[in-house]
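Written below as structure tokens is the structure these notes are about.
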Amino acid sequence: MLTLRLYFAQRLTAIIMAPLTLGHLVVMIYAVQDGLSVAEILARTRGSVTWFLFYGSFVLAVAVHAAIGLRVIISEWLGVRGVMLSFFSWAVLVLLLFLGGRAVWMVTLAGGLQ
Amino acid sequence: MVDTETFLDVSIWRDQGGDGHFETYQVPRLANQTILDVVSWVQQHIDPTLSYRFACRVGMCGSCAMMVNGEPRWTCRTHVKKVVVEDCLEIAPLRNLPVIKDLVVDMDPFFDKWVAANAVFEPSRTRDDPMAPITPDDPMRIVADGAIECINCAVCYAACDVVAANPEYLGPAALNRSWSLVNDSRDAGQAQRLHAVSAGGGCHNCHSQQSCAKFCPNELNPTLSISGLKRATLKSLLRWDR
Ligand code: SF4
Ligand code: SF4
Ligand code: FES
């Protein structure tokens, strides 16, 4: 149920996520130095195209990576195959894109550019 | 020297058309006894209807594989003392293949997957052409060497959890054979082969946890071969090799 293309997409998104995860951790450690508040986070992210692109690509990579990973797990553990398996994979992709995309949009560009 | 007065408690899977169950037999323990000796003793002294397969008895033909105490083994070359647990043995047909009778499994699905993986030589010359010279130090030949000594015993296939979870998966032996052919410079079927191992049941489903390599009686490493196929297919997708 993993074809060459799915395998490639999963490896590629892993490569994309690795530096983004490191960046996310570094910023987190830096950001909590003076305590963590909503105002502080939003002050950094609101209107920022950079953070929109940073977390936007993160969400894209996570959605693809997780959809393929869960596809393997539910196929191997629950025996789901064929159309149901494709439906499940696409549903996970769309759900993660929607939830993640909405969150990124709200904390970055929803209020317009600065 | 093992005491000939001691006995082994041997549970053997008996199955005639779907009524599968273990039956227990007492078998005298002998020095240097193999699992195949134990099975043969039961067939010769207790129940002549017990069915099992073997041919060469020297680890060449690959026909005698069975599950012994839950692990796949070539039974003609597996000494009882290596696998026995408190004088008990449990002998069952190979995992991941349909049982025909008792310890005999249907190997068709196993070999069908060799064909599906294009693990068959496609000649690039005819018998009228001169022999293609391949020297022992040819780099491709050296890679192929690592995969070539397979006896088609299906021990790796029985050890593979991905085969158990995904009936489409081509499995370690077929993919290992494909990899040895990918490294055969005389072969003319490379594009179709890479295509065949890239489909839904192909090499990309392998989890690389090496059960196959752990149990292969010839100490081959199908996981390594499969990682070679993953690289080769990825290269052909990205056209690195063109
Ligand atoms: S390494 Fe791959 S082929 Fe070998 S047992 Fe694991 S999943 Fe199967
Ligand atoms: S790779 Fe090893 S375990 Fe698998 S069929 Fe060949 S010899 Fe047997
Ligand atoms: S009987 Fe031939 S390999 Fe065991």
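Letters A, B, ... mark the chains of the structure tokens in the order given; residue numbers begin at 1 per chain; ligand numbers begin at 1, in order shown.
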
Identify all chain B residues at most 8 Å from chain A by counting only C-alpha atoms; ligands do not count. Present them as a compact mmCIF listing (two decimals) with C-alpha atoms, in the first residue's frame.
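Written out: out.txt:
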```
# COMPACT_ATOMS: atom_id res chain seq x y z
CA VAL B 162 4.88 -6.99 6.85
CA ALA B 165 0.06 -7.63 7.72
CA ASN B 166 -0.06 -6.90 3.99
CA GLU B 168 0.23 -7.86 -1.32
CA SER B 198 7.59 0.16 -6.86
CA ALA B 199 3.89 -0.79 -6.90
CA GLY B 200 1.51 -1.22 -3.96
CA GLY B 201 3.18 -4.36 -2.59
CA GLY B 202 6.70 -3.28 -3.46
CA HIS B 204 8.85 0.61 -0.11
CA ASN B 205 6.62 -1.28 2.33
CA THR B 233 13.82 3.23 -7.61
CA LEU B 234 14.21 6.68 -6.04
```

| task | Using only C-alpha atoms and all ligand atoms, find each protein or nucleic acid residue lying at most 7 Å from ligand 3; present the set as number ranges by chain. | result | B: 54-65, 74-77

| field | Site check for ligand 1: residues at most 8 Å away, only C-alpha atoms and all ligand atoms, as a PyMOL selection string | value | chain B and resi 156-157+159-163+171-173+203+205-213+222-223+226

Near-ligand residues for ligand 2, threshold 6 Å, only C-alpha atoms and all ligand atoms, as a compact mmCIF listing (two decimals) with N, CA and C atoms, in the first residue's frame:
```txt
# COMPACT_ATOMS: atom_id res chain seq x y z
N CYS B 150 20.68 -17.56 -2.30
CA CYS B 150 19.36 -17.87 -1.74
C CYS B 150 18.93 -19.28 -2.16
N ILE B 151 18.37 -20.05 -1.20
CA ILE B 151 17.91 -21.40 -1.52
C ILE B 151 16.37 -21.49 -1.58
N ASN B 152 15.72 -20.33 -1.65
CA ASN B 152 14.24 -20.27 -1.80
C ASN B 152 13.50 -21.01 -0.70
N CYS B 153 13.99 -20.93 0.52
CA CYS B 153 13.40 -21.73 1.59
C CYS B 153 12.18 -21.07 2.22
N ALA B 154 11.99 -19.76 1.99
CA ALA B 154 10.86 -18.99 2.54
C ALA B 154 10.92 -18.79 4.05
N VAL B 155 12.09 -19.04 4.65
CA VAL B 155 12.25 -18.75 6.08
C VAL B 155 12.06 -17.25 6.33
N CYS B 156 12.68 -16.42 5.46
CA CYS B 156 12.56 -14.97 5.62
C CYS B 156 11.11 -14.53 5.44
N ALA B 173 12.39 -12.43 0.07
CA ALA B 173 13.13 -13.30 -0.86
C ALA B 173 13.00 -12.81 -2.29
N CYS B 216 17.45 -15.75 8.10
CA CYS B 216 17.93 -16.39 6.86
C CYS B 216 19.03 -17.39 7.19
N PRO B 217 18.84 -18.67 6.86
CA PRO B 217 19.83 -19.67 7.23
C PRO B 217 21.14 -19.51 6.47
N ASN B 218 21.09 -18.84 5.32
CA ASN B 218 22.33 -18.62 4.57
C ASN B 218 22.96 -17.28 4.88
N LEU B 220 22.01 -14.33 4.47
CA LEU B 220 21.83 -13.22 3.54
C LEU B 220 21.15 -12.09 4.30
```

| request: Assign secondary structure with DSSP using the backbone only, and return the residues of chain A in alpha helix (DSSP H) as a PyMOL selection string. | output: chain A and resi 4-31+38-45+49-78+82-107

| field | Long-range neighbours of Met106 of chain A as number ranges by chain, 9 Å cut-off, only C-alpha atoms, 5 positions minimum in chain | value | A: 46, 101, 111

Mind dumping the selected residues with all heavy atoms as a compact mmCIF listing (two decimals), in the first residue's frame?
```
# COMPACT_ATOMS: atom_id res chain seq x y z
N ARG A 46 1.88 38.06 14.54
CA ARG A 46 0.86 38.81 13.79
C ARG A 46 1.46 39.61 12.65
O ARG A 46 2.41 40.34 12.82
CB ARG A 46 0.14 39.79 14.74
CG ARG A 46 -0.96 39.12 15.52
CD ARG A 46 -2.31 39.81 15.27
NE ARG A 46 -3.37 38.90 15.61
CZ ARG A 46 -4.14 39.04 16.71
NH1 ARG A 46 -3.95 40.06 17.53
NH2 ARG A 46 -5.07 38.17 16.95
N GLY A 101 -3.83 24.81 9.03
CA GLY A 101 -3.87 26.02 8.21
C GLY A 101 -4.65 27.13 8.90
O GLY A 101 -4.24 28.29 8.93
N GLY A 111 -5.15 39.18 10.62
CA GLY A 111 -5.43 40.60 10.87
C GLY A 111 -4.79 41.51 9.84
O GLY A 111 -4.71 42.72 10.05
```

| task | Can you pull out every residue within 12 Å of segment 117-129 of chain B, counting only C-alpha atoms, but drop anything in the same chain fewer than 2 positions away, and send it as a ChimeraX atom specification? | result | /B:110-115,131-133,148,168-203,226,229

Next, dump the selected residues to file, keeping only C-alpha atoms, as a compact mmCIF listing (two decimals), in the first residue's frame.
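That gives us result_23.txt:
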```txt
# COMPACT_ATOMS: atom_id res chain seq x y z
CA PHE B 110 5.67 -17.26 -2.40
CA PHE B 111 6.87 -18.01 -5.94
CA ASP B 112 4.06 -16.03 -7.61
CA LYS B 113 5.58 -13.00 -5.90
CA TRP B 114 9.00 -13.75 -7.41
CA VAL B 115 7.33 -13.49 -10.81
CA MET B 131 29.41 -14.80 -23.61
CA ALA B 132 29.28 -11.53 -21.66
CA PRO B 133 32.45 -11.38 -19.58
CA ILE B 148 22.90 -14.56 -4.61
CA GLU B 168 0.23 -7.86 -1.32
CA TYR B 169 3.77 -7.37 -0.05
CA LEU B 170 6.27 -9.15 -2.31
CA GLY B 171 8.42 -10.14 0.66
CA PRO B 172 12.15 -10.35 1.37
CA ALA B 173 13.13 -13.30 -0.86
CA ALA B 174 11.57 -12.04 -4.10
CA LEU B 175 12.91 -8.53 -3.53
CA ASN B 176 16.34 -9.87 -2.66
CA ARG B 177 16.38 -11.77 -5.94
CA SER B 178 15.25 -8.66 -7.82
CA TRP B 179 18.15 -6.76 -6.31
CA SER B 180 20.67 -9.37 -7.43
CA LEU B 181 19.26 -8.98 -10.98
CA VAL B 182 19.37 -5.18 -10.79
CA ASN B 183 23.12 -5.75 -10.39
CA ASP B 184 23.34 -8.11 -13.36
CA SER B 185 24.76 -6.09 -16.26
CA ARG B 186 23.56 -8.73 -18.76
CA ASP B 187 19.90 -8.24 -17.81
CA ALA B 188 17.62 -6.30 -20.17
CA GLY B 189 14.55 -5.97 -17.93
CA GLN B 190 15.67 -3.27 -15.48
CA ALA B 191 13.01 -0.64 -16.19
CA GLN B 192 10.14 -3.13 -15.82
CA ARG B 193 11.80 -4.59 -12.73
CA LEU B 194 12.11 -1.22 -10.96
CA HIS B 195 8.51 -0.54 -11.92
CA ALA B 196 7.39 -3.92 -10.54
CA VAL B 197 9.05 -3.37 -7.15
CA SER B 198 7.59 0.16 -6.86
CA ALA B 199 3.89 -0.79 -6.90
CA GLY B 200 1.51 -1.22 -3.96
CA GLY B 201 3.18 -4.36 -2.59
CA GLY B 202 6.70 -3.28 -3.46
CA CYS B 203 9.98 -2.69 -1.65
CA ILE B 226 15.61 -3.95 -0.26
CA LEU B 229 16.01 -1.29 -4.40
```

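Distances here use only C-alpha atoms; by that measure, the residue among A:Ala9, A:Met17, A:Leu109, A:Leu99 closest to Ile68 of chain A is A:Ala9.
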
| Near-Thr13 of chain A list (8 Å; only C-alpha atoms; drop same-chain fewer than 6 positions) as a list in words |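 Close residues of Thr13 of chain A: Ala61, Val62, Val64 and His65 of chain A.
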
| task | Among the residues of segment 18-128 of chain B, find those DSSP assigns to strand (DSSP E) from the backbone and print them as a list in words. | result |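 Checking each residue of segment 18-128 of chain B, the strand (DSSP E) ones are His21, Phe22, Glu23, Thr24, Tyr25, Gln26, Val27, Pro28, Ala65, Met66, Met67, Val68, Glu71, Pro72, Arg73, Trp74, Cys88, Leu89, Glu90, Ile91, Ala92, Val99, Ile100, Lys101, Val104 and Val105 of chain B.
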
Taking 4 positions as the minimum chain separation for residues in the same chain, which residues sit within 12 Å of Trp105 of chain A when counting only C-alpha atoms? Answer as an mmCIF file with C-alpha atoms, in the first residue's frame.
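The result, written out as out19.cif:
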```cif
data_model
loop_
_atom_site.group_PDB
_atom_site.id
_atom_site.type_symbol
_atom_site.label_atom_id
_atom_site.label_comp_id
_atom_site.auth_asym_id
_atom_site.auth_seq_id
_atom_site.Cartn_x
_atom_site.Cartn_y
_atom_site.Cartn_z
ATOM 1 C CA LEU A 42 0.907 37.255 18.930
ATOM 2 C CA THR A 45 3.609 36.351 14.777
ATOM 3 C CA ARG A 46 0.863 38.815 13.787
ATOM 4 C CA GLY A 47 1.265 40.193 10.330
ATOM 5 C CA SER A 48 4.483 38.271 9.765
ATOM 6 C CA VAL A 49 4.877 36.700 6.343
ATOM 7 C CA TRP A 51 6.111 33.058 10.392
ATOM 8 C CA PHE A 52 3.243 32.381 8.020
ATOM 9 C CA LEU A 53 5.635 30.687 5.587
ATOM 10 C CA PHE A 54 7.526 28.917 8.395
ATOM 11 C CA TYR A 55 4.469 27.357 10.051
ATOM 12 C CA GLY A 56 2.532 27.140 6.790
ATOM 13 C CA VAL A 59 1.549 22.290 8.391
ATOM 14 C CA LEU A 97 -4.469 20.944 6.476
ATOM 15 C CA PHE A 98 -7.691 22.581 7.651
ATOM 16 C CA LEU A 99 -6.896 22.568 11.391
ATOM 17 C CA GLY A 100 -3.249 23.520 10.978
ATOM 18 C CA GLY A 101 -3.872 26.019 8.214
ATOM 19 C CA LEU A 109 -2.002 37.015 8.576
ATOM 20 C CA ALA A 110 -5.672 37.012 9.655
ATOM 21 C CA GLY A 111 -5.430 40.598 10.868
ATOM 22 C CA GLY A 112 -3.654 41.767 7.739
ATOM 23 C CA LEU A 113 0.003 42.546 7.063
#
```

| query | Which one is closest to Val85 of chain B: B:Val27, B:Arg239, B:Asn69, B:Lys214? Count only C-alpha atoms. | reply |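 Of B:Val27, B:Arg239, B:Asn69, B:Lys214, the one nearest Val85 of chain B, counting only C-alpha atoms, is B:Asn69.
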
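Residues in contact range of Gln16 of chain B, defined as at most 10 Å between only C-alpha atoms, with sequence neighbours fewer than 4 positions away removed, read Gly20, His21, Ser51, Val99, Ile100, Lys101 and Asp102 of chain B.
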
| task | Tell me which of A:Gln10, A:Thr21, A:Ser57, A:Ser89 sits closest to Val104 of chain A, counting only C-alpha atoms. | result | A:Ser57

| note | Nearest to Ser86 of chain A, restricted to only C-alpha atoms and choosing among A:Thr50, A:Ile29, A:Ala67, A:Ala103, comes out as A:Ala67

| Atomic separation - atom CA of Ser11 of chain B relative to atom CA of Gly70 of chain B, Å |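 Between atom CA of Gly70 of chain B and atom CA of Ser11 of chain B the gap works out to 11.7 Å.
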
| field | Between atom CA of Lys81 of chain B and atom CA of Thr34 of chain B - distance in Å to one decimal | value | 8.3 Å
